[in-house]
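Student: Here's a structure for you.
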Amino acid sequence: MIHGERVRLRAIERSDIPTFVRWFNNPEVRRYLVAYAPMSTAQEEQWFEDMLQRQQRRELFLFAIEARVGDEWVTIGNVDLHRVNWKDRWAILGIVLGEKAYWDQGYGTDAVRTMLRFAFEELNLHRVELEVIDENARARRCYEKAGFRYEGTRRQVAFFEGRYHDSHMMSVLREEFQEWG
Ligand SMILES: CC(C)(COP(=O)(O)OP(=O)(O)OC[C@H]1O[C@@H](n2cnc3c(N)ncnc32)[C@H](O)[C@@H]1OP(=O)(O)O)[C@@H](O)C(=O)NCCC(=O)NCCS
């Protein structure tokens, strides 16, 4: 378990699969994600097996995000570091809060900060980066609050909803995280 200020991160379990299927079949949740088509339980099970192997190879660190609600901890999303590059010491961060009722309450920012602390202080990474669709203003604001800086725009790199969209590259370096942390 990794504790943030208002969230905690835990390992993913096979029993989480039905929750993920529900999340990734919600078009609002999926809108800006790589997962662009409805997802079956069988696909999610296959993804889970692949995920275990990638974690074992240390290419991926994926955790469930839990938020405290009264005396209970509720699973509200996932956060990950993927394509971990051990030589150059960077990784890509991904996050989804599958429970829309928890958006805009600071949980995403806390989960990103908690994952950055894990990346820099436990994995000894030097840089964490990500890509975010231009019009995903909520995610961009969340990443800025967590310490990410804008690096550049990839023009018309993603196609969905009948047109091309720009995406923004963002990153945070270890020394910036320490300054701000
Ligand atoms: C993106 C996501 C992780 C952010 O988590 P979150 O808990 O909702 O974010 P936070 O509450 O920490 O921060 C969101 C910020 O965006 C702001 N915001 C929300 N909608 C906005 C909009 N349309 N324009 C500008 N800012 C907006 C919020 O007010 C908040 O900023 P504030 O604290 O200064 O008021 C979450 O909403 C999510 O999982 N969305 C769906 C999947 C997704 O888009 N993942 C990211 C792919 S790159």
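Please note that chains go A, B, ... in the order of the structure tokens, that every chain numbers its residues from 1, and that ligands are numbered from 1 in the order shown.
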List as a list in words the protein and nucleic acid residues near stretch 151-153 of chain A, meaning an atom at most 8 Å away when only C-alpha atoms are counted, but skip any in the same chain fewer than 5 places from it.

Tutor: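 Here the qualifying residues turn out to be Asp166, Ser167, His168, Met169, Met170 and Ser171 of chain A.
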
Student: For the selection you just gave me, I'd like the residues written to a file as a PDB file, in the first residue's frame, keeping N, CA and C atoms.

Tutor:
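Heads up, here's the output in out.pdb:
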ATOM      1  N   ASP A 166      -5.141  17.420 -31.506  1.00  0.00           N
ATOM      2  CA  ASP A 166      -3.754  17.616 -31.057  1.00  0.00           C
ATOM      3  C   ASP A 166      -3.586  16.982 -29.681  1.00  0.00           C
ATOM      4  N   SER A 167      -2.344  16.628 -29.362  1.00  0.00           N
ATOM      5  CA  SER A 167      -2.080  16.219 -27.975  1.00  0.00           C
ATOM      6  C   SER A 167      -0.865  16.981 -27.467  1.00  0.00           C
ATOM      7  N   HIS A 168      -0.826  17.158 -26.156  1.00  0.00           N
ATOM      8  CA  HIS A 168       0.267  17.893 -25.527  1.00  0.00           C
ATOM      9  C   HIS A 168       1.189  16.912 -24.808  1.00  0.00           C
ATOM     10  N   MET A 169       2.489  17.106 -24.985  1.00  0.00           N
ATOM     11  CA  MET A 169       3.480  16.348 -24.225  1.00  0.00           C
ATOM     12  C   MET A 169       3.763  17.135 -22.936  1.00  0.00           C
ATOM     13  N   MET A 170       3.786  16.420 -21.837  1.00  0.00           N
ATOM     14  CA  MET A 170       4.110  17.053 -20.544  1.00  0.00           C
ATOM     15  C   MET A 170       5.096  16.155 -19.803  1.00  0.00           C
ATOM     16  N   SER A 171       5.901  16.777 -18.947  1.00  0.00           N
ATOM     17  CA  SER A 171       6.846  15.956 -18.169  1.00  0.00           C
ATOM     18  C   SER A 171       7.169  16.647 -16.854  1.00  0.00           C
TER      19      SER A 171
END

Student: Please identify all protein, DNA and RNA residues within 10 Å of ligand 1, counting only C-alpha atoms and all ligand atoms, and report them as a PyMOL selection string.

Tutor: chain A and resi 23-24+27-34+76-79+93-113+130-146+167-168

Student: Restrict the selected residues to C-alpha atoms and save them as a short mmCIF file (atom, residue, chain, number, x, y, z; two decimals), in the first residue's frame.

Tutor:
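This went into out-v2.cif:
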data_model
loop_
_atom_site.label_atom_id
_atom_site.label_comp_id
_atom_site.auth_asym_id
_atom_site.auth_seq_id
_atom_site.Cartn_x
_atom_site.Cartn_y
_atom_site.Cartn_z
CA TRP A 23 -15.41 1.67 -16.30
CA PHE A 24 -14.10 1.07 -19.81
CA PRO A 27 -17.96 6.37 -23.13
CA GLU A 28 -17.34 9.42 -20.92
CA VAL A 29 -14.53 7.65 -19.06
CA ARG A 30 -13.06 6.20 -22.27
CA ARG A 31 -13.33 9.37 -24.33
CA TYR A 32 -9.70 10.55 -24.17
CA LEU A 33 -8.10 7.16 -23.56
CA VAL A 34 -6.26 4.76 -25.83
CA ILE A 76 -12.17 4.87 -7.86
CA GLY A 77 -9.52 4.39 -10.56
CA ASN A 78 -6.11 3.18 -11.72
CA VAL A 79 -2.76 4.87 -12.08
CA LEU A 93 2.30 7.97 -16.45
CA GLY A 94 -1.32 7.02 -17.13
CA ILE A 95 -4.39 7.59 -14.95
CA VAL A 96 -8.11 7.00 -15.11
CA LEU A 97 -10.73 7.65 -12.47
CA GLY A 98 -13.39 5.21 -13.66
CA GLU A 99 -15.91 6.51 -11.12
CA LYS A 100 -17.03 9.81 -12.58
CA ALA A 101 -18.70 10.86 -9.32
CA TYR A 102 -15.17 11.36 -7.93
CA TRP A 103 -13.92 13.72 -10.67
CA ASP A 104 -13.02 17.33 -9.83
CA GLN A 105 -12.41 16.72 -6.13
CA GLY A 106 -8.62 16.59 -6.17
CA TYR A 107 -8.31 12.78 -6.06
CA GLY A 108 -6.64 12.62 -9.48
CA THR A 109 -4.00 15.20 -8.50
CA ASP A 110 -3.30 13.38 -5.24
CA ALA A 111 -2.99 10.02 -7.04
CA VAL A 112 -0.60 11.52 -9.63
CA ARG A 113 1.54 13.12 -6.91
CA LEU A 130 2.74 11.75 -20.53
CA GLU A 131 0.59 12.81 -23.43
CA VAL A 132 -2.83 14.43 -23.06
CA ILE A 133 -5.45 15.34 -25.66
CA ASP A 134 -5.65 19.13 -26.12
CA GLU A 135 -9.31 19.41 -25.21
CA ASN A 136 -9.02 17.25 -22.07
CA ALA A 137 -8.78 20.40 -19.96
CA ARG A 138 -9.56 18.58 -16.72
CA ALA A 139 -6.62 16.20 -17.15
CA ARG A 140 -4.25 19.00 -18.25
CA ARG A 141 -5.13 21.04 -15.16
CA CYS A 142 -4.72 17.98 -12.95
CA TYR A 143 -1.23 17.29 -14.36
CA GLU A 144 -0.20 20.95 -13.99
CA LYS A 145 -1.31 20.94 -10.37
CA ALA A 146 0.72 17.77 -9.81
CA SER A 167 -2.08 16.22 -27.98
CA HIS A 168 0.27 17.89 -25.53
#

Student: Taking only C-alpha atoms into account, name the residue in A:Gln55, A:Asn124, A:Thr114, A:Thr75 that is nearest to A:Asp88.

Tutor: A:Asn124

Student: So which one's closest to A:Arg10, A:Ala42, A:Leu52, A:Met115, A:Ile92? Using only C-alpha atoms, please.

Tutor: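 Closest residue, counting only C-alpha atoms: A:Met115.
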
Student: DSSP says strand (DSSP E) for which residues of stretch 13-166 of chain A? Put them as JSON, numbers by chain?

Tutor: {"A": [61, 62, 63, 64, 65, 66, 67, 68, 69, 72, 73, 74, 75, 76, 77, 78, 79, 80, 81, 82, 83, 84, 85, 90, 91, 92, 93, 94, 95, 96, 97, 127, 128, 129, 130, 131, 132, 133, 149, 150, 151, 152, 153, 154, 155, 156, 157, 158, 159, 160, 163, 164, 165, 166]}

Student: Looking at A:Ala119, A:Leu9, A:Ala91, A:Ile2, which one is nearest to A:Ile65, with distances taken over only C-alpha atoms?

Tutor: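 Answer, going by the shortest atom-to-atom distance: A:Leu9.
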
Student: Nearest to A:Thr19 among A:Glu44, A:Lys87, A:Gly147, A:Glu179, with distances taken over only C-alpha atoms: which residue is it?

Tutor: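 Nearest candidate to A:Thr19 out of A:Glu44, A:Lys87, A:Gly147, A:Glu179: A:Glu44.
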
Student: Which is closest to A:Phe148 among A:Ile17, A:Leu116, A:Met1, A:Ala64, if we use only C-alpha atoms?

Tutor: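 Comparing A:Ile17, A:Leu116, A:Met1, A:Ala64 against A:Phe148, the winner is A:Leu116.
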
Student: I need the alpha helix (DSSP H) residues of chain A per DSSP on the backbone, written as a ChimeraX atom specification.

Tutor: /A:17-24,27-30,41-56,107-121,137-146,174-180

Student: With only C-alpha atoms as the atoms that count, which of A:Phe160, A:Phe63, A:Phe177, A:Phe120 lies nearest to A:Arg89?

Tutor: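 Checking each candidate against A:Arg89, we get A:Phe120 as the closest.
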